[in-house]
>>> print(open('run_32.cif').read())   # mmCIF, C-alpha atoms
data_start
loop_
_atom_site.group_PDB
_atom_site.id
_atom_site.type_symbol
_atom_site.label_atom_id
_atom_site.label_comp_id
_atom_site.auth_asym_id
_atom_site.auth_seq_id
_atom_site.Cartn_x
_atom_site.Cartn_y
_atom_site.Cartn_z
ATOM 1 C CA MET A 1 106.927 98.830 96.467
ATOM 2 C CA ILE A 2 106.771 95.433 94.795
ATOM 3 C CA LEU A 3 103.825 93.045 94.532
ATOM 4 C CA LYS A 4 104.260 89.530 93.167
ATOM 5 C CA THR A 5 101.628 87.270 91.675
ATOM 6 C CA GLU A 6 101.872 83.804 90.227
ATOM 7 C CA ARG A 7 103.064 85.099 86.832
ATOM 8 C CA LEU A 8 103.713 88.817 87.280
ATOM 9 C CA LEU A 9 105.851 91.342 89.055
ATOM 10 C CA LEU A 10 104.227 94.676 89.891
ATOM 11 C CA ARG A 11 106.954 97.217 90.579
ATOM 12 C CA GLU A 12 107.583 100.931 90.750
ATOM 13 C CA PHE A 13 108.171 102.740 87.476
ATOM 14 C CA VAL A 14 111.648 103.864 86.426
ATOM 15 C CA ALA A 15 112.460 106.475 83.771
ATOM 16 C CA GLU A 16 113.549 103.903 81.158
ATOM 17 C CA ASP A 17 110.056 102.348 81.188
ATOM 18 C CA TRP A 18 108.783 105.042 78.855
ATOM 19 C CA ARG A 19 109.915 103.104 75.762
ATOM 20 C CA ALA A 20 107.761 100.059 76.532
ATOM 21 C CA VAL A 21 104.798 102.278 77.441
ATOM 22 C CA TYR A 22 105.264 104.283 74.238
ATOM 23 C CA ALA A 23 105.140 101.091 72.166
ATOM 24 C CA TYR A 24 101.796 99.877 73.511
ATOM 25 C CA GLN A 25 100.180 103.306 73.911
ATOM 26 C CA ASN A 26 100.523 103.836 70.171
ATOM 27 C CA ASP A 27 98.745 100.599 69.290
ATOM 28 C CA PRO A 28 95.374 101.455 67.649
ATOM 29 C CA ARG A 29 93.628 98.897 69.879
ATOM 30 C CA TYR A 30 94.893 100.737 72.962
ATOM 31 C CA LEU A 31 93.927 104.155 71.578
ATOM 32 C CA GLU A 32 90.343 103.178 70.735
ATOM 33 C CA PHE A 33 88.862 104.319 74.066
ATOM 34 C CA TYR A 34 91.165 107.252 74.776
ATOM 35 C CA GLU A 35 90.932 110.829 73.578
ATOM 36 C CA TRP A 36 94.358 110.604 71.971
ATOM 37 C CA GLU A 37 94.893 109.806 68.303
ATOM 38 C CA HIS A 38 98.536 108.996 68.989
ATOM 39 C CA ARG A 39 101.123 109.459 71.752
ATOM 40 C CA THR A 40 104.387 111.344 71.433
ATOM 41 C CA GLU A 41 107.608 110.471 73.218
ATOM 42 C CA GLN A 42 107.142 113.606 75.323
ATOM 43 C CA ASP A 43 103.578 112.576 76.267
ATOM 44 C CA VAL A 44 104.708 109.163 77.433
ATOM 45 C CA LYS A 45 107.791 110.418 79.277
ATOM 46 C CA ALA A 46 105.531 112.818 81.227
ATOM 47 C CA PHE A 47 103.058 109.970 81.874
ATOM 48 C CA VAL A 48 105.796 107.769 83.368
ATOM 49 C CA GLN A 49 107.368 110.681 85.250
ATOM 50 C CA ARG A 50 104.063 111.364 87.009
ATOM 51 C CA PHE A 51 104.186 107.848 88.500
ATOM 52 C CA ILE A 52 107.837 108.294 89.486
ATOM 53 C CA ASP A 53 106.988 111.595 91.190
ATOM 54 C CA GLN A 54 104.156 109.920 93.129
ATOM 55 C CA GLN A 55 106.691 107.479 94.612
ATOM 56 C CA GLN A 56 108.357 110.397 96.423
ATOM 57 C CA GLU A 57 105.188 111.543 98.183
ATOM 58 C CA SER A 58 105.174 110.918 101.910
ATOM 59 C CA PRO A 59 102.716 109.861 103.022
ATOM 60 C CA ARG A 60 101.666 108.404 99.733
ATOM 61 C CA ALA A 61 98.158 108.463 98.230
ATOM 62 C CA LYS A 62 98.797 107.119 94.720
ATOM 63 C CA PHE A 63 100.306 103.770 93.762
ATOM 64 C CA GLN A 64 100.640 103.083 90.032
ATOM 65 C CA LEU A 65 102.852 100.080 89.340
ATOM 66 C CA ALA A 66 104.405 98.692 86.178
ATOM 67 C CA ILE A 67 103.195 95.201 85.225
ATOM 68 C CA VAL A 68 106.239 93.142 84.275
ATOM 69 C CA LEU A 69 106.755 89.566 83.053
ATOM 70 C CA PRO A 70 109.521 88.485 85.449
ATOM 71 C CA ASN A 71 111.211 85.925 83.184
ATOM 72 C CA SER A 72 111.823 88.432 80.380
ATOM 73 C CA ASN A 73 111.616 91.659 82.441
ATOM 74 C CA LYS A 74 109.178 92.919 79.763
ATOM 75 C CA LEU A 75 106.859 95.738 80.854
ATOM 76 C CA ILE A 76 103.337 94.982 79.596
ATOM 77 C CA GLY A 77 101.171 97.579 81.328
ATOM 78 C CA ASN A 78 100.339 99.208 84.628
ATOM 79 C CA VAL A 79 97.843 98.993 87.452
ATOM 80 C CA GLY A 80 97.204 101.153 90.468
ATOM 81 C CA ILE A 81 95.009 102.842 93.001
ATOM 82 C CA ARG A 82 94.713 106.563 93.562
ATOM 83 C CA LYS A 83 93.243 108.008 96.742
ATOM 84 C CA PRO A 84 92.014 111.614 96.407
ATOM 85 C CA TYR A 85 93.907 112.503 99.616
ATOM 86 C CA VAL A 86 96.124 110.581 102.021
ATOM 87 C CA LYS A 87 93.531 109.789 104.711
ATOM 88 C CA ALA A 88 90.784 108.810 102.263
ATOM 89 C CA TYR A 89 89.086 105.444 102.734
ATOM 90 C CA HIS A 90 88.353 105.067 99.039
ATOM 91 C CA ALA A 91 90.429 105.016 95.864
ATOM 92 C CA GLU A 92 90.033 104.805 92.121
ATOM 93 C CA MET A 93 91.653 101.829 90.421
ATOM 94 C CA GLY A 94 93.123 102.153 86.956
ATOM 95 C CA TYR A 95 94.933 99.754 84.668
ATOM 96 C CA GLU A 96 96.085 99.309 81.117
ATOM 97 C CA LEU A 97 97.691 96.441 79.285
ATOM 98 C CA ASP A 98 99.685 96.122 76.086
ATOM 99 C CA PRO A 99 97.127 94.863 73.516
ATOM 100 C CA ARG A 100 99.640 92.228 72.387
ATOM 101 C CA GLU A 101 99.211 90.673 75.862
ATOM 102 C CA TRP A 102 95.406 90.714 75.982
ATOM 103 C CA ASN A 103 93.529 87.470 76.653
ATOM 104 C CA ASN A 104 96.279 85.952 78.808
ATOM 105 C CA GLY A 105 94.640 86.779 82.146
ATOM 106 C CA TYR A 106 97.396 89.243 83.043
ATOM 107 C CA ALA A 107 95.069 92.207 83.639
ATOM 108 C CA THR A 108 92.863 90.123 85.944
ATOM 109 C CA GLU A 109 95.897 88.866 87.853
ATOM 110 C CA ALA A 110 97.395 92.347 88.236
ATOM 111 C CA ALA A 111 94.100 94.012 89.197
ATOM 112 C CA THR A 112 93.373 91.271 91.759
ATOM 113 C CA ALA A 113 96.777 91.919 93.362
ATOM 114 C CA MET A 114 96.024 95.648 93.456
ATOM 115 C CA LEU A 115 92.619 95.037 95.092
ATOM 116 C CA LYS A 116 94.323 92.840 97.676
ATOM 117 C CA PHE A 117 96.815 95.640 98.379
ATOM 118 C CA ALA A 118 93.979 98.190 98.567
ATOM 119 C CA PHE A 119 91.815 96.261 101.000
ATOM 120 C CA GLU A 120 94.322 94.250 103.019
ATOM 121 C CA GLN A 121 97.339 96.554 103.247
ATOM 122 C CA SER A 122 95.941 100.038 102.646
ATOM 123 C CA ARG A 123 92.774 99.256 104.621
ATOM 124 C CA LEU A 124 90.475 100.973 102.151
ATOM 125 C CA HIS A 125 86.717 100.722 102.477
ATOM 126 C CA ARG A 126 85.851 101.150 98.784
ATOM 127 C CA VAL A 127 87.621 100.862 95.440
ATOM 128 C CA TYR A 128 85.972 102.065 92.260
ATOM 129 C CA ALA A 129 86.817 102.253 88.575
ATOM 130 C CA ARG A 130 85.506 104.368 85.727
ATOM 131 C CA VAL A 131 85.266 102.695 82.333
ATOM 132 C CA ASN A 132 84.114 103.746 78.876
ATOM 133 C CA ALA A 133 80.725 102.072 78.416
ATOM 134 C CA SER A 134 81.783 100.838 74.963
ATOM 135 C CA ASN A 135 84.882 99.068 76.295
ATOM 136 C CA GLY A 136 83.534 95.538 76.659
ATOM 137 C CA ASN A 137 86.899 93.997 77.552
ATOM 138 C CA SER A 138 87.412 96.331 80.493
ATOM 139 C CA ILE A 139 83.825 95.887 81.685
ATOM 140 C CA ARG A 140 84.236 92.088 81.648
ATOM 141 C CA LEU A 141 87.455 92.440 83.649
ATOM 142 C CA LEU A 142 85.786 94.555 86.336
ATOM 143 C CA GLU A 143 82.901 92.105 86.595
ATOM 144 C CA LYS A 144 85.316 89.157 86.764
ATOM 145 C CA LEU A 145 86.996 90.905 89.692
ATOM 146 C CA GLY A 146 83.631 90.991 91.467
ATOM 147 C CA MET A 147 83.067 94.713 91.100
ATOM 148 C CA ARG A 148 79.505 95.888 90.625
ATOM 149 C CA GLN A 149 78.178 98.549 88.312
ATOM 150 C CA GLU A 150 77.146 101.468 90.492
ATOM 151 C CA GLY A 151 76.162 103.976 87.871
ATOM 152 C CA ARG A 152 76.231 105.292 84.350
ATOM 153 C CA LEU A 153 77.322 108.819 83.493
ATOM 154 C CA ARG A 154 75.568 109.562 80.232
ATOM 155 C CA GLU A 155 77.602 111.312 77.542
ATOM 156 C CA ASP A 156 80.243 112.076 80.147
ATOM 157 C CA GLU A 157 83.182 112.409 77.734
ATOM 158 C CA PHE A 158 83.582 113.946 74.297
ATOM 159 C CA PHE A 159 86.416 112.823 72.034
ATOM 160 C CA LYS A 160 86.950 111.438 68.555
ATOM 161 C CA GLY A 161 83.927 113.382 67.353
ATOM 162 C CA ARG A 162 81.335 111.869 69.677
ATOM 163 C CA TYR A 163 80.005 111.659 73.216
ATOM 164 C CA TRP A 164 80.776 108.566 75.298
ATOM 165 C CA ASP A 165 79.044 107.179 78.368
ATOM 166 C CA THR A 166 81.119 106.237 81.417
ATOM 167 C CA LEU A 167 80.252 103.382 83.764
ATOM 168 C CA VAL A 168 81.283 103.395 87.411
ATOM 169 C CA TYR A 169 82.085 100.053 89.056
ATOM 170 C CA GLY A 170 82.840 99.583 92.721
ATOM 171 C CA MET A 171 83.693 97.098 95.426
ATOM 172 C CA LEU A 172 83.454 97.441 99.192
ATOM 173 C CA GLU A 173 85.869 95.915 101.661
ATOM 174 C CA ASP A 174 83.232 93.433 102.912
ATOM 175 C CA GLU A 175 82.587 92.286 99.346
ATOM 176 C CA TRP A 176 86.320 91.698 98.882
ATOM 177 C CA ARG A 177 86.495 89.691 102.110
ATOM 178 C CA TRP A 178 83.485 87.580 101.098
ATOM 179 C CA ARG A 179 85.030 86.964 97.688
ATOM 180 C CA VAL A 180 88.345 85.903 99.238
ATOM 181 C CA ALA A 181 86.517 83.628 101.706
ATOM 182 C CA ASP A 182 84.512 82.031 98.862
ATOM 183 C CA ARG A 183 87.754 81.203 97.024
ATOM 184 C CA GLY A 184 89.259 79.787 100.205
ATOM 185 C CA GLU A 185 92.243 82.154 100.295
#
>>> encode(input="run_32.cif", output="structure tokens")
Amino acid sequence: MILKTERLLLREFVAEDWRAVYAYQNDPRYLEFYEWEHRTEQDVKAFVQRFIDQQQESPRAKFQLAIVLPNSNKLIGNVGIRKPYVKAYHAEMGYELDPREWNNGYATEAATAMLKFAFEQSRLHRVYARVNASNGNSIRLLEKLGMRQEGRLREDEFFKGRYWDTLVYGMLEDEWRWRVADRGE
């Protein structure tokens, strides 16, 4: 599967992608809101392999795509949706971006393409995302996408010596359609 945006190519993962993922997943800015202190080569190879394995599922319920700058073929992150089972009408969206590429609008562009795929091609009714309540950048992204905060899970996670709250954001198919209509697409 390949999705194209104005500046990005969203494509299936291949085994060699682990090196680019390893580089950004060991950036301290990336690690701030994850339980990991660092990532090993083995960790990242298994992470990428999970996405490669999902490509073989038929029918498929999980779509996690590499975010690539087409001119340089540089992998800068990933974005995807994961249905809990094949016939589900809802899915969780997840994304991550190389911190060296933050503030370029790439995450917004990639996540918008994934929402379009979710609602227009996969015919989902609802897409949601879970985000660490202290991760202001990710919260702003979800709100920019038009997702609404649906709830707060207090002290839902424990890592790095403390409890963290998790926010749940969601969007319904009708809200996506209204948003697309408002932008004249």
>>> resolve_selection(input="run_32.cif", expression="the PyMOL selection byres ((chain A and resi 171-180) around 9)", output="ChimeraX atom specification")
/A:115-116,118-120,123-128,146-148,169-170,181-185
>>> residues_around(input="run_32.cif", residues="stretch 26-35 of chain A", least_positions_apart="5", cutoff="10 Å", atoms="all atoms listed in the file", output="MDAnalysis selection string")
chainID A and resid 21 40 44 96:100 131:135 157:161 164
>>> residues_around(input="run_32.cif", residues="A:Ala20", least_positions_apart="6", cutoff="8 Å", atoms="only C-alpha atoms", output="VMD selection string")
chain A and resid 74 to 76
>>> residues_around(input="run_32.cif", residues="A:Ala129", least_positions_apart="6", cutoff="12 Å", atoms="only C-alpha atoms", output="number ranges by chain")
A: 79-83, 90-95, 111, 115, 138-139, 141-143, 145, 147-152, 166-171
>>> atom_distance(input="run_32.cif", atom1="atom CA of A:Trp102", atom2="atom CA of A:Asp53")
28.3 Å
>>> closest_residue(input="run_32.cif", among="A:Tyr24, A:Trp18, A:Tyr85, A:Phe63", to="A:Ala46", atoms="all atoms listed in the file")
A:Trp18
>>> resolve_selection(input="run_32.cif", expression="the PyMOL selection byres ((chain A and resi 86) around 7)", output="ChimeraX atom specification")
/A:59-61,83,85,87-88
>>> resolve_selection(input="run_32.cif", expression="the PyMOL selection byres ((chain A and resi 11) around 9)", output="MDAnalysis selection string")
chainID A and resid 1:4 9:10 12:13 64:68
>>> write_last_selection(input="run_32.cif", atoms="C-alpha atoms", output="PDB file, in the coordinates of the input")
ATOM      1  CA  MET A   1     106.927  98.830  96.467  1.00  0.00           C
ATOM      2  CA  ILE A   2     106.771  95.433  94.795  1.00  0.00           C
ATOM      3  CA  LEU A   3     103.825  93.045  94.532  1.00  0.00           C
ATOM      4  CA  LYS A   4     104.260  89.530  93.167  1.00  0.00           C
ATOM      5  CA  LEU A   9     105.851  91.342  89.055  1.00  0.00           C
ATOM      6  CA  LEU A  10     104.227  94.676  89.891  1.00  0.00           C
ATOM      7  CA  GLU A  12     107.583 100.931  90.750  1.00  0.00           C
ATOM      8  CA  PHE A  13     108.171 102.740  87.476  1.00  0.00           C
ATOM      9  CA  GLN A  64     100.640 103.083  90.032  1.00  0.00           C
ATOM     10  CA  LEU A  65     102.852 100.080  89.340  1.00  0.00           C
ATOM     11  CA  ALA A  66     104.405  98.692  86.178  1.00  0.00           C
ATOM     12  CA  ILE A  67     103.195  95.201  85.225  1.00  0.00           C
ATOM     13  CA  VAL A  68     106.239  93.142  84.275  1.00  0.00           C
TER      14      VAL A  68
END
>>> atom_distance(input="run_32.cif", atom1="atom CA of A:Asp156", atom2="atom CA of A:Gly136")
17.2 Å
>>> residues_around(input="run_32.cif", residues="A:Ile52", least_positions_apart="2", cutoff="8 Å", atoms="all atoms listed in the file", output="ChimeraX atom specification")
/A:12-15,48-50,54-56
>>> atom_distance(input="run_32.cif", atom1="atom CA of A:Lys62", atom2="atom CA of A:Leu8")
20.4 Å
>>> closest_residue(input="run_32.cif", among="A:Asp165, A:Asn73, A:Glu155, A:Thr5", to="A:Gly105", atoms="all atoms listed in the file")
A:Thr5
>>> axis_aligned_box(input="run_32.cif", around="stretch 63-82 of chain A", padding_each_side="3 Å", output="JSON")
{"center_x": 103.3, "center_y": 96.2, "center_z": 86.7, "size_x": 23.1, "size_y": 26.6, "size_z": 20.2}
>>> closest_residue(input="run_32.cif", among="A:Arg39, A:Phe117, A:Ser122, A:Leu69", to="A:Asn104", atoms="all atoms listed in the file")
A:Leu69
>>> decode(input="run_32.cif", residues="stretch 83-104 of chain A", atoms="N, CA, C and O atoms", output="PDB file, in the first residue's frame")
ATOM      1  N   LYS A  83      -7.067  -1.597  13.608  1.00  0.00           N
ATOM      2  CA  LYS A  83      -8.381  -2.069  14.038  1.00  0.00           C
ATOM      3  C   LYS A  83      -8.160  -3.231  15.008  1.00  0.00           C
ATOM      4  O   LYS A  83      -7.236  -4.023  14.821  1.00  0.00           O
ATOM      5  N   PRO A  84      -9.010  -3.385  16.019  1.00  0.00           N
ATOM      6  CA  PRO A  84      -8.833  -4.495  16.959  1.00  0.00           C
ATOM      7  C   PRO A  84      -9.128  -5.857  16.323  1.00  0.00           C
ATOM      8  O   PRO A  84      -8.629  -6.877  16.771  1.00  0.00           O
ATOM      9  N   TYR A  85      -9.953  -5.865  15.280  1.00  0.00           N
ATOM     10  CA  TYR A  85     -10.265  -7.081  14.522  1.00  0.00           C
ATOM     11  C   TYR A  85     -10.717  -6.629  13.137  1.00  0.00           C
ATOM     12  O   TYR A  85     -11.070  -5.459  12.914  1.00  0.00           O
ATOM     13  N   VAL A  86     -10.687  -7.520  12.192  1.00  0.00           N
ATOM     14  CA  VAL A  86     -10.870  -7.164  10.778  1.00  0.00           C
ATOM     15  C   VAL A  86     -12.176  -6.427  10.509  1.00  0.00           C
ATOM     16  O   VAL A  86     -12.193  -5.437   9.771  1.00  0.00           O
ATOM     17  N   LYS A  87     -13.280  -6.861  11.081  1.00  0.00           N
ATOM     18  CA  LYS A  87     -14.581  -6.260  10.759  1.00  0.00           C
ATOM     19  C   LYS A  87     -14.939  -5.069  11.652  1.00  0.00           C
ATOM     20  O   LYS A  87     -16.064  -4.571  11.594  1.00  0.00           O
ATOM     21  N   ALA A  88     -14.015  -4.613  12.445  1.00  0.00           N
ATOM     22  CA  ALA A  88     -14.270  -3.480  13.343  1.00  0.00           C
ATOM     23  C   ALA A  88     -14.542  -2.213  12.537  1.00  0.00           C
ATOM     24  O   ALA A  88     -14.006  -2.023  11.443  1.00  0.00           O
ATOM     25  N   TYR A  89     -15.367  -1.355  13.094  1.00  0.00           N
ATOM     26  CA  TYR A  89     -15.679  -0.061  12.470  1.00  0.00           C
ATOM     27  C   TYR A  89     -14.929   1.085  13.146  1.00  0.00           C
ATOM     28  O   TYR A  89     -15.240   2.241  12.915  1.00  0.00           O
ATOM     29  N   HIS A  90     -13.978   0.741  13.970  1.00  0.00           N
ATOM     30  CA  HIS A  90     -13.161   1.755  14.636  1.00  0.00           C
ATOM     31  C   HIS A  90     -11.708   1.290  14.629  1.00  0.00           C
ATOM     32  O   HIS A  90     -11.417   0.102  14.473  1.00  0.00           O
ATOM     33  N   ALA A  91     -10.804   2.255  14.782  1.00  0.00           N
ATOM     34  CA  ALA A  91      -9.376   1.940  14.804  1.00  0.00           C
ATOM     35  C   ALA A  91      -8.637   2.984  15.617  1.00  0.00           C
ATOM     36  O   ALA A  91      -9.072   4.137  15.729  1.00  0.00           O
ATOM     37  N   GLU A  92      -7.511   2.565  16.159  1.00  0.00           N
ATOM     38  CA  GLU A  92      -6.617   3.489  16.854  1.00  0.00           C
ATOM     39  C   GLU A  92      -5.575   3.989  15.864  1.00  0.00           C
ATOM     40  O   GLU A  92      -5.019   3.215  15.088  1.00  0.00           O
ATOM     41  N   MET A  93      -5.337   5.288  15.871  1.00  0.00           N
ATOM     42  CA  MET A  93      -4.298   5.869  15.031  1.00  0.00           C
ATOM     43  C   MET A  93      -3.054   6.093  15.878  1.00  0.00           C
ATOM     44  O   MET A  93      -3.145   6.498  17.038  1.00  0.00           O
ATOM     45  N   GLY A  94      -1.904   5.823  15.293  1.00  0.00           N
ATOM     46  CA  GLY A  94      -0.641   6.086  15.956  1.00  0.00           C
ATOM     47  C   GLY A  94       0.347   6.664  14.969  1.00  0.00           C
ATOM     48  O   GLY A  94       0.245   6.425  13.761  1.00  0.00           O
ATOM     49  N   TYR A  95       1.278   7.436  15.471  1.00  0.00           N
ATOM     50  CA  TYR A  95       2.264   8.086  14.609  1.00  0.00           C
ATOM     51  C   TYR A  95       3.484   8.433  15.442  1.00  0.00           C
ATOM     52  O   TYR A  95       3.410   8.523  16.672  1.00  0.00           O
ATOM     53  N   GLU A  96       4.591   8.584  14.769  1.00  0.00           N
ATOM     54  CA  GLU A  96       5.796   9.116  15.385  1.00  0.00           C
ATOM     55  C   GLU A  96       6.642   9.727  14.283  1.00  0.00           C
ATOM     56  O   GLU A  96       6.557   9.312  13.124  1.00  0.00           O
ATOM     57  N   LEU A  97       7.411  10.720  14.666  1.00  0.00           N
ATOM     58  CA  LEU A  97       8.213  11.454  13.697  1.00  0.00           C
ATOM     59  C   LEU A  97       9.590  11.716  14.270  1.00  0.00           C
ATOM     60  O   LEU A  97       9.730  12.031  15.460  1.00  0.00           O
ATOM     61  N   ASP A  98      10.591  11.591  13.423  1.00  0.00           N
ATOM     62  CA  ASP A  98      11.968  11.908  13.790  1.00  0.00           C
ATOM     63  C   ASP A  98      11.999  13.337  14.352  1.00  0.00           C
ATOM     64  O   ASP A  98      11.562  14.277  13.684  1.00  0.00           O
ATOM     65  N   PRO A  99      12.470  13.537  15.582  1.00  0.00           N
ATOM     66  CA  PRO A  99      12.488  14.883  16.159  1.00  0.00           C
ATOM     67  C   PRO A  99      13.234  15.913  15.310  1.00  0.00           C
ATOM     68  O   PRO A  99      12.930  17.101  15.378  1.00  0.00           O
ATOM     69  N   ARG A 100      14.173  15.475  14.493  1.00  0.00           N
ATOM     70  CA  ARG A 100      14.886  16.414  13.621  1.00  0.00           C
ATOM     71  C   ARG A 100      13.973  16.971  12.536  1.00  0.00           C
ATOM     72  O   ARG A 100      14.326  17.950  11.875  1.00  0.00           O
ATOM     73  N   GLU A 101      12.793  16.360  12.358  1.00  0.00           N
ATOM     74  CA  GLU A 101      11.840  16.796  11.329  1.00  0.00           C
ATOM     75  C   GLU A 101      10.596  17.456  11.923  1.00  0.00           C
ATOM     76  O   GLU A 101       9.652  17.758  11.200  1.00  0.00           O
ATOM     77  N   TRP A 102      10.603  17.668  13.239  1.00  0.00           N
ATOM     78  CA  TRP A 102       9.465  18.334  13.876  1.00  0.00           C
ATOM     79  C   TRP A 102       9.313  19.758  13.337  1.00  0.00           C
ATOM     80  O   TRP A 102      10.272  20.375  12.881  1.00  0.00           O
ATOM     81  N   ASN A 103       8.126  20.269  13.443  1.00  0.00           N
ATOM     82  CA  ASN A 103       7.789  21.661  13.088  1.00  0.00           C
ATOM     83  C   ASN A 103       7.881  21.946  11.589  1.00  0.00           C
ATOM     84  O   ASN A 103       8.022  23.096  11.193  1.00  0.00           O
ATOM     85  N   ASN A 104       7.765  20.907  10.765  1.00  0.00           N
ATOM     86  CA  ASN A 104       7.705  21.090   9.322  1.00  0.00           C
ATOM     87  C   ASN A 104       6.324  20.771   8.765  1.00  0.00           C
ATOM     88  O   ASN A 104       6.115  20.829   7.561  1.00  0.00           O
TER      89      ASN A 104
END
